[in-house]
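Data block for start-v6.txt (compact mmCIF, C-alpha atoms):
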# COMPACT_ATOMS: atom_id res chain seq x y z
CA MET A 1 0.16 -18.92 3.72
CA ALA A 2 -2.41 -16.33 4.73
CA ASN A 3 -1.34 -12.79 5.47
CA SER A 4 -1.41 -11.96 9.13
CA MET A 5 -2.93 -8.72 10.36
CA TYR A 6 -1.73 -7.39 13.70
CA THR A 7 -4.19 -5.25 15.64
CA TRP A 8 -3.29 -3.45 18.87
CA VAL A 9 -6.35 -2.66 20.99
CA GLN A 10 -6.86 -0.41 23.98
CA ILE A 11 -10.19 -0.35 25.82
CA GLU A 12 -10.68 2.73 27.97
CA ASN A 13 -13.19 4.07 30.51
CA LEU A 14 -14.09 0.68 31.95
CA ASN A 15 -15.65 0.50 35.39
CA SER A 16 -14.34 -2.17 37.76
CA GLY A 17 -17.16 -4.62 36.98
CA SER A 18 -16.85 -4.41 33.21
CA LYS A 19 -13.06 -4.54 33.48
CA GLU A 20 -13.22 -7.83 35.39
CA GLU A 21 -15.79 -9.29 32.97
CA LEU A 22 -13.63 -8.34 29.99
CA LEU A 23 -10.49 -9.81 31.53
CA THR A 24 -12.40 -13.05 32.20
CA LEU A 25 -13.77 -13.13 28.63
CA LEU A 26 -10.31 -12.60 27.11
CA ALA A 27 -8.25 -14.76 29.48
CA PRO A 28 -6.42 -17.65 27.79
CA GLU A 29 -7.01 -21.20 28.95
CA SER A 30 -4.75 -22.37 31.75
CA GLY A 31 -1.27 -23.10 30.42
CA SER A 32 -1.80 -21.05 27.25
CA TYR A 33 -0.61 -17.57 26.34
CA GLN A 34 -3.40 -16.75 23.86
CA LEU A 35 -7.16 -16.97 23.42
CA ASP A 36 -8.34 -18.34 20.07
CA ALA A 37 -11.60 -17.75 18.22
CA THR A 38 -13.12 -21.06 19.33
CA GLN A 39 -12.49 -20.38 23.01
CA PHE A 40 -13.85 -16.85 22.67
CA SER A 41 -16.96 -18.10 20.87
CA GLU A 42 -17.67 -20.70 23.50
CA ARG A 43 -17.67 -17.95 26.13
CA TYR A 44 -19.34 -15.17 24.15
CA PHE A 45 -21.95 -17.29 22.36
CA GLU A 46 -22.24 -19.84 25.16
CA GLY A 47 -20.95 -22.71 23.03
CA ASN A 48 -23.15 -22.15 19.98
CA GLU A 49 -20.40 -21.86 17.37
CA PRO A 50 -20.89 -24.36 14.49
CA SER A 51 -18.62 -27.39 14.70
CA GLU A 52 -18.17 -28.06 10.96
CA SER A 53 -14.94 -26.58 9.59
CA TYR A 54 -16.57 -24.79 6.62
CA ASP A 55 -19.38 -23.46 8.76
CA LYS A 56 -16.88 -22.38 11.40
CA TYR A 57 -14.90 -20.26 8.96
CA SER A 58 -18.05 -18.73 7.47
CA PHE A 59 -19.37 -18.08 10.96
CA ARG A 60 -16.13 -16.43 12.03
CA ILE A 61 -15.93 -14.21 8.95
CA ASP A 62 -19.56 -13.14 9.44
CA GLU A 63 -19.36 -12.74 13.22
CA TYR A 64 -15.81 -11.42 13.68
CA GLY A 65 -14.47 -10.27 10.31
CA ALA A 66 -11.69 -12.89 10.06
CA LYS A 67 -11.66 -16.67 9.58
CA TRP A 68 -9.08 -17.13 12.34
CA TRP A 69 -7.69 -14.91 15.06
CA TYR A 70 -5.92 -15.02 18.41
CA ILE A 71 -5.87 -12.58 21.30
CA ASN A 72 -2.42 -12.24 22.85
CA ASP A 73 -0.87 -10.30 25.71
CA CYS A 74 -4.06 -9.12 27.39
CA TYR A 75 -3.31 -7.01 30.43
CA ASP A 76 -4.71 -4.33 32.69
CA ASN A 77 -2.45 -1.26 32.60
CA GLY A 78 -4.51 0.45 35.32
CA ASP A 79 -6.31 2.92 33.05
CA ALA A 80 -7.26 0.52 30.27
CA ILE A 81 -7.21 -3.08 29.10
CA GLU A 82 -4.72 -3.63 26.30
CA PHE A 83 -4.21 -6.63 24.02
CA ASN A 84 -3.24 -7.51 20.50
CA ILE A 85 -4.99 -9.62 17.93
CA GLU A 86 -3.37 -11.63 15.17
CA SER A 87 -5.90 -12.43 12.45
CA ALA A 88 -6.19 -13.68 8.88
CA TRP A 89 -6.12 -11.05 6.14
CA SER A 90 -7.96 -8.18 7.82
CA VAL A 91 -8.76 -6.26 10.96
CA PRO A 92 -11.51 -8.21 12.79
CA GLN A 93 -13.84 -5.22 12.73
CA SER A 94 -16.94 -7.20 13.63
CA LEU A 95 -15.17 -8.54 16.71
CA LEU A 96 -14.22 -5.01 17.77
CA GLU A 97 -17.80 -3.85 17.21
CA LYS A 98 -19.14 -6.77 19.27
CA LEU A 99 -16.77 -5.94 22.13
CA ARG A 100 -17.77 -2.27 21.93
CA ASN A 101 -21.51 -3.11 21.97
CA TRP A 102 -21.10 -5.59 24.82
CA LEU A 103 -19.12 -3.08 26.89
CA VAL A 104 -21.22 0.01 26.06
CA ALA A 105 -24.28 -1.88 27.34
CA LYS A 106 -22.47 -1.97 30.70
CA ASN A 107 -20.89 1.50 30.52
CA GLU A 108 -21.74 3.93 27.72
CA ASN A 109 -18.42 5.80 28.08
CA VAL A 110 -16.28 2.87 26.91
CA ILE A 111 -13.90 3.54 24.02
CA VAL A 112 -12.26 0.80 21.94
CA ARG A 113 -9.36 2.16 19.93
CA GLY A 114 -6.06 1.14 18.44
CA THR A 115 -3.95 0.54 15.38
CA TYR A 116 -3.34 -2.23 12.87
CA GLU A 117 -0.64 -3.37 10.51
CA ASP A 118 -0.61 -6.10 7.88
CA GLU A 119 2.62 -8.07 7.76
CA SER A 120 3.25 -6.54 4.32
CA TYR A 121 2.31 -3.01 5.51
CA ASN A 122 -0.62 -2.97 3.12
CA PRO A 123 -2.69 -1.77 4.93
CA THR A 124 -1.75 -0.03 8.15
CA GLY A 125 -4.12 2.22 10.02
CA ALA A 126 -6.12 3.09 13.10
CA PHE A 127 -9.66 2.78 14.49
CA ILE A 128 -11.96 3.97 17.22
CA TYR A 129 -15.30 2.53 18.38
CA ALA A 130 -17.53 4.11 21.01
CA LYS A 131 -21.25 4.53 21.71
CA ASP A 132 -22.92 5.55 18.42
CA TYR A 133 -19.51 6.18 16.86
CA ASP A 134 -16.97 4.30 14.79
CA ASP A 135 -14.16 5.22 12.44
CA ILE A 136 -11.45 3.12 10.83
CA GLU A 137 -8.94 4.52 8.35
CA ASP A 138 -5.82 3.32 6.57
CA THR A 139 -2.61 5.35 6.54
CA ASP A 140 -1.15 6.46 3.22
CA LEU A 141 1.52 3.73 3.40
CA ASP A 142 1.57 0.97 0.83
CA ALA A 143 4.06 -1.78 0.09
CA GLU A 144 5.50 0.07 -2.92
CA SER A 145 6.35 3.20 -0.92
CA ILE A 146 8.46 1.33 1.64
CA ASP A 147 12.20 0.98 1.32
CA TRP A 148 12.39 -2.66 2.43
CA ASP A 149 16.17 -2.65 2.87
CA LYS A 150 15.93 0.31 5.24
CA MET A 151 12.94 -1.29 6.93
CA TRP A 152 15.01 -4.17 8.29
CA GLU A 153 18.27 -2.26 8.82
CA ASP A 154 17.23 1.15 10.16
CA ASP A 155 15.27 1.35 13.41
CA GLU A 156 14.56 5.05 12.95
CA TYR A 157 13.03 4.38 9.54
CA ARG A 158 10.81 1.66 11.02
CA ASP A 159 9.85 3.96 13.91
CA GLY A 160 8.84 6.61 11.36
CA LEU A 161 6.53 4.15 9.63
CA ASP A 162 4.99 3.17 12.97
CA GLN A 163 4.54 6.83 13.85
CA LYS A 164 2.14 7.22 10.90
CA ARG A 165 -0.22 4.73 12.61
CA PHE A 166 0.10 6.47 15.97
CA ASP A 167 -0.51 9.91 14.45
CA LEU A 168 -3.61 8.63 12.66
CA ALA A 169 -4.89 7.08 15.92
CA ASP A 170 -4.44 10.44 17.66
CA SER A 171 -6.26 12.21 14.83
CA LEU A 172 -9.20 9.78 15.00
CA PHE A 173 -9.43 10.26 18.77
CA GLU A 174 -9.41 14.05 18.36
CA SER A 175 -12.23 13.77 15.79
CA TYR A 176 -14.20 11.63 18.22
CA GLN A 177 -13.73 14.20 20.99
CA GLU A 178 -14.83 16.99 18.64
CA THR A 179 -17.96 15.01 17.75
CA LEU A 180 -18.75 14.53 21.44
CA LYS A 181 -18.35 18.27 22.06
CA GLU A 182 -20.54 19.16 19.06
CA ASN A 183 -23.24 16.75 20.22
CA LYS A 184 -23.10 18.14 23.75
CA ASP A 185 -23.21 21.76 22.57
CA GLY A 186 -26.06 20.75 20.30
Would you encode the structure as structure tokens?
Amino acid sequence: MANSMYTWVQIENLNSGSKEELLTLLAPESGSYQLDATQFSERYFEGNEPSESYDKYSFRIDEYGAKWWYINDCYDNGDAIEFNIESAWSVPQSLLEKLRNWLVAKNENVIVRGTYEDESYNPTGAFIYAKDYDDIEDTDLDAESIDWDKMWEDDEYRDGLDQKRFDLADSLFESYQETLKENKDG
């Protein structure tokens, strides 16, 4: 069985037009709760994804960064669009970059940011993508440093592990804001 990577994404600073386009792009088919890579490709690439299984996996790894992935729980929270991605082995960085590029072409203030966690907690981390900017970093957690008994029995312990991802996400966002300020101040 392949390891699953869970990626939580938040897309901010969307205007109403780009928000509607994104929601349409990411909407699952009627009667489904998730959007898979094939459905996304048919919309994004207008049906040009290869049909052969081997080519499809190679295409997806090259184009998205993972051989399979699903978008779940996409919703508009008012200020941002949020969703999660379950993918094979790794964060689908190429997919996040494609979404960033597609959205920045419509609105250069768009920010794509979030966190990720492998099912084995190796790796966990955070990312941010914006116009002319990207950063993705792992936390210092690894499978050997986790007390697995506490992990499943102690909610506070689990919350502490999750907090490492959230703190890193905040740090990456602060670095992005500092970069914007430096570029503006010139």
Margin query: One decimal, in Å: what's the spacing between atom CA of A:Phe83 and atom CA of A:Leu22?
Written below: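 It comes out at 11.3 Å.
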Next item on the list: Could you tell me which of A:Ile61, A:Val104, A:Ile146, A:Ile136 comes closest to A:Ser120 if we count all atoms listed in the file?
Entry: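 For A:Ser120, the nearest of the candidates is A:Ile146.
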Note to self: With distances taken over only C-alpha atoms, which residue among A:Leu141, A:Leu99, A:Ile128, A:Met151 lies nearest A:Asp170?
What the structure shows: A:Ile128
Item checked: Spatial neighbours of A:Asn183, 12 Å, all atoms listed in the file, chain gap at least 4 places, as a PyMOL selection string -> chain A and resi 132-133+176-179
Next item on the list: Can you pull out every residue within 10 Å of A:Tyr44, counting only C-alpha atoms, but drop anything in the same chain fewer than 5 positions away, and send it as a VMD selection string?
Entry: chain A and resid 25 to 26 38 to 39 49 98 to 99 102
Margin query: Just want the 12 Å neighbourhood of A:Glu82, counted on all atoms listed in the file, with same-chain residues fewer than 5 positions away dropped. Output as a ChimeraX atom specification.
Written below: /A:7-12,14,19,22-23,26,71-77,111-115
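Closest approach to A:Ala130 among A:Asn101, A:Ser145, A:Ser30, A:Ser16: A:Asn101, based on only C-alpha atoms.
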Pull stretch 60-166 of chain A out of the block and emit C-alpha atoms, as an mmCIF file, in the first residue's frame.
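Final file, part.cif:
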data_model
loop_
_atom_site.group_PDB
_atom_site.id
_atom_site.type_symbol
_atom_site.label_atom_id
_atom_site.label_comp_id
_atom_site.auth_asym_id
_atom_site.auth_seq_id
_atom_site.Cartn_x
_atom_site.Cartn_y
_atom_site.Cartn_z
ATOM 1 C CA ARG A 60 0.474 12.929 -13.157
ATOM 2 C CA ILE A 61 3.867 12.731 -11.453
ATOM 3 C CA ASP A 62 5.312 15.226 -13.954
ATOM 4 C CA GLU A 63 2.305 17.558 -13.986
ATOM 5 C CA TYR A 64 1.132 17.369 -10.368
ATOM 6 C CA GLY A 65 3.863 15.781 -8.256
ATOM 7 C CA ALA A 66 1.899 12.635 -7.325
ATOM 8 C CA LYS A 67 0.672 9.603 -9.289
ATOM 9 C CA TRP A 68 -2.777 9.794 -7.691
ATOM 10 C CA TRP A 69 -4.594 12.378 -5.634
ATOM 11 C CA TYR A 70 -8.065 13.479 -4.585
ATOM 12 C CA ILE A 71 -9.423 16.851 -3.542
ATOM 13 C CA ASN A 72 -11.877 16.606 -0.654
ATOM 14 C CA ASP A 73 -13.997 19.001 1.373
ATOM 15 C CA CYS A 74 -13.647 22.061 -0.837
ATOM 16 C CA TYR A 75 -15.544 25.000 0.598
ATOM 17 C CA ASP A 76 -15.722 28.773 0.633
ATOM 18 C CA ASN A 77 -15.211 30.056 4.178
ATOM 19 C CA GLY A 78 -15.929 33.641 3.092
ATOM 20 C CA ASP A 79 -12.332 34.883 3.178
ATOM 21 C CA ALA A 80 -10.699 31.953 1.391
ATOM 22 C CA ILE A 81 -11.287 28.668 -0.387
ATOM 23 C CA GLU A 82 -10.175 25.701 1.700
ATOM 24 C CA PHE A 83 -9.774 22.047 0.755
ATOM 25 C CA ASN A 84 -7.632 19.048 1.480
ATOM 26 C CA ILE A 85 -5.745 16.765 -0.843
ATOM 27 C CA GLU A 86 -4.952 13.114 -0.272
ATOM 28 C CA SER A 87 -2.092 12.009 -2.511
ATOM 29 C CA ALA A 88 0.425 9.216 -3.032
ATOM 30 C CA TRP A 89 3.758 9.561 -1.252
ATOM 31 C CA SER A 90 4.304 13.318 -1.418
ATOM 32 C CA VAL A 91 2.851 16.796 -1.398
ATOM 33 C CA PRO A 92 1.567 17.498 -4.941
ATOM 34 C CA GLN A 93 3.782 20.557 -5.265
ATOM 35 C CA SER A 94 3.390 20.855 -9.023
ATOM 36 C CA LEU A 95 -0.387 20.905 -8.606
ATOM 37 C CA LEU A 96 -0.125 23.688 -6.023
ATOM 38 C CA GLU A 97 2.201 25.635 -8.323
ATOM 39 C CA LYS A 98 -0.217 25.202 -11.251
ATOM 40 C CA LEU A 99 -3.111 26.467 -9.138
ATOM 41 C CA ARG A 100 -1.008 29.417 -7.967
ATOM 42 C CA ASN A 101 0.031 30.317 -11.537
ATOM 43 C CA TRP A 102 -3.520 29.950 -12.858
ATOM 44 C CA LEU A 103 -4.909 32.141 -10.074
ATOM 45 C CA VAL A 104 -2.112 34.755 -10.064
ATOM 46 C CA ALA A 105 -2.793 35.320 -13.780
ATOM 47 C CA LYS A 106 -6.280 36.421 -12.691
ATOM 48 C CA ASN A 107 -5.266 38.213 -9.479
ATOM 49 C CA GLU A 108 -1.615 38.750 -8.557
ATOM 50 C CA ASN A 109 -2.390 38.991 -4.820
ATOM 51 C CA VAL A 110 -3.494 35.358 -4.495
ATOM 52 C CA ILE A 111 -1.749 33.281 -1.829
ATOM 53 C CA VAL A 112 -1.834 29.469 -1.707
ATOM 54 C CA ARG A 113 -0.716 28.183 1.669
ATOM 55 C CA GLY A 114 -1.194 25.293 4.032
ATOM 56 C CA THR A 115 0.256 22.308 5.809
ATOM 57 C CA TYR A 116 0.907 18.644 5.097
ATOM 58 C CA GLU A 117 1.330 15.416 6.984
ATOM 59 C CA ASP A 118 2.320 11.946 5.829
ATOM 60 C CA GLU A 119 0.340 9.168 7.466
ATOM 61 C CA SER A 120 3.575 8.103 9.201
ATOM 62 C CA TYR A 121 4.448 11.704 10.196
ATOM 63 C CA ASN A 122 7.548 11.556 8.035
ATOM 64 C CA PRO A 123 7.370 14.264 6.755
ATOM 65 C CA THR A 124 5.105 16.956 8.129
ATOM 66 C CA GLY A 125 5.434 20.593 7.162
ATOM 67 C CA ALA A 126 4.038 23.745 5.627
ATOM 68 C CA PHE A 127 4.129 25.699 2.354
ATOM 69 C CA ILE A 128 3.270 29.013 0.773
ATOM 70 C CA TYR A 129 2.994 29.938 -2.917
ATOM 71 C CA ALA A 130 2.356 33.445 -4.218
ATOM 72 C CA LYS A 131 3.386 35.617 -7.165
ATOM 73 C CA ASP A 132 7.160 35.178 -7.650
ATOM 74 C CA TYR A 133 7.398 33.403 -4.286
ATOM 75 C CA ASP A 134 7.331 29.873 -2.953
ATOM 76 C CA ASP A 135 8.567 28.112 0.138
ATOM 77 C CA ILE A 136 7.967 24.607 1.443
ATOM 78 C CA GLU A 137 9.623 23.237 4.562
ATOM 79 C CA ASP A 138 9.382 20.132 6.714
ATOM 80 C CA THR A 139 9.041 20.308 10.493
ATOM 81 C CA ASP A 140 11.671 18.681 12.674
ATOM 82 C CA LEU A 141 9.346 15.733 13.408
ATOM 83 C CA ASP A 142 10.264 12.269 12.250
ATOM 84 C CA ALA A 143 8.750 8.868 12.917
ATOM 85 C CA GLU A 144 11.454 7.951 15.448
ATOM 86 C CA SER A 145 10.813 11.008 17.630
ATOM 87 C CA ILE A 146 7.113 10.249 18.091
ATOM 88 C CA ASP A 147 5.788 8.334 21.062
ATOM 89 C CA TRP A 148 3.268 6.236 19.128
ATOM 90 C CA ASP A 149 1.462 4.990 22.240
ATOM 91 C CA LYS A 150 0.861 8.569 23.381
ATOM 92 C CA MET A 151 -0.059 9.533 19.832
ATOM 93 C CA TRP A 152 -3.188 7.379 19.856
ATOM 94 C CA GLU A 153 -4.059 7.775 23.544
ATOM 95 C CA ASP A 154 -3.314 11.419 24.372
ATOM 96 C CA ASP A 155 -5.151 14.164 22.485
ATOM 97 C CA GLU A 156 -2.925 16.874 23.948
ATOM 98 C CA TYR A 157 0.167 15.078 22.687
ATOM 99 C CA ARG A 158 -1.348 14.815 19.196
ATOM 100 C CA ASP A 159 -2.375 18.488 19.319
ATOM 101 C CA GLY A 160 1.224 19.389 20.194
ATOM 102 C CA LEU A 161 2.490 17.543 17.125
ATOM 103 C CA ASP A 162 -0.074 19.316 14.943
ATOM 104 C CA GLN A 163 0.927 22.651 16.450
ATOM 105 C CA LYS A 164 4.430 22.227 14.986
ATOM 106 C CA ARG A 165 2.878 22.321 11.484
ATOM 107 C CA PHE A 166 0.739 25.336 12.326
#
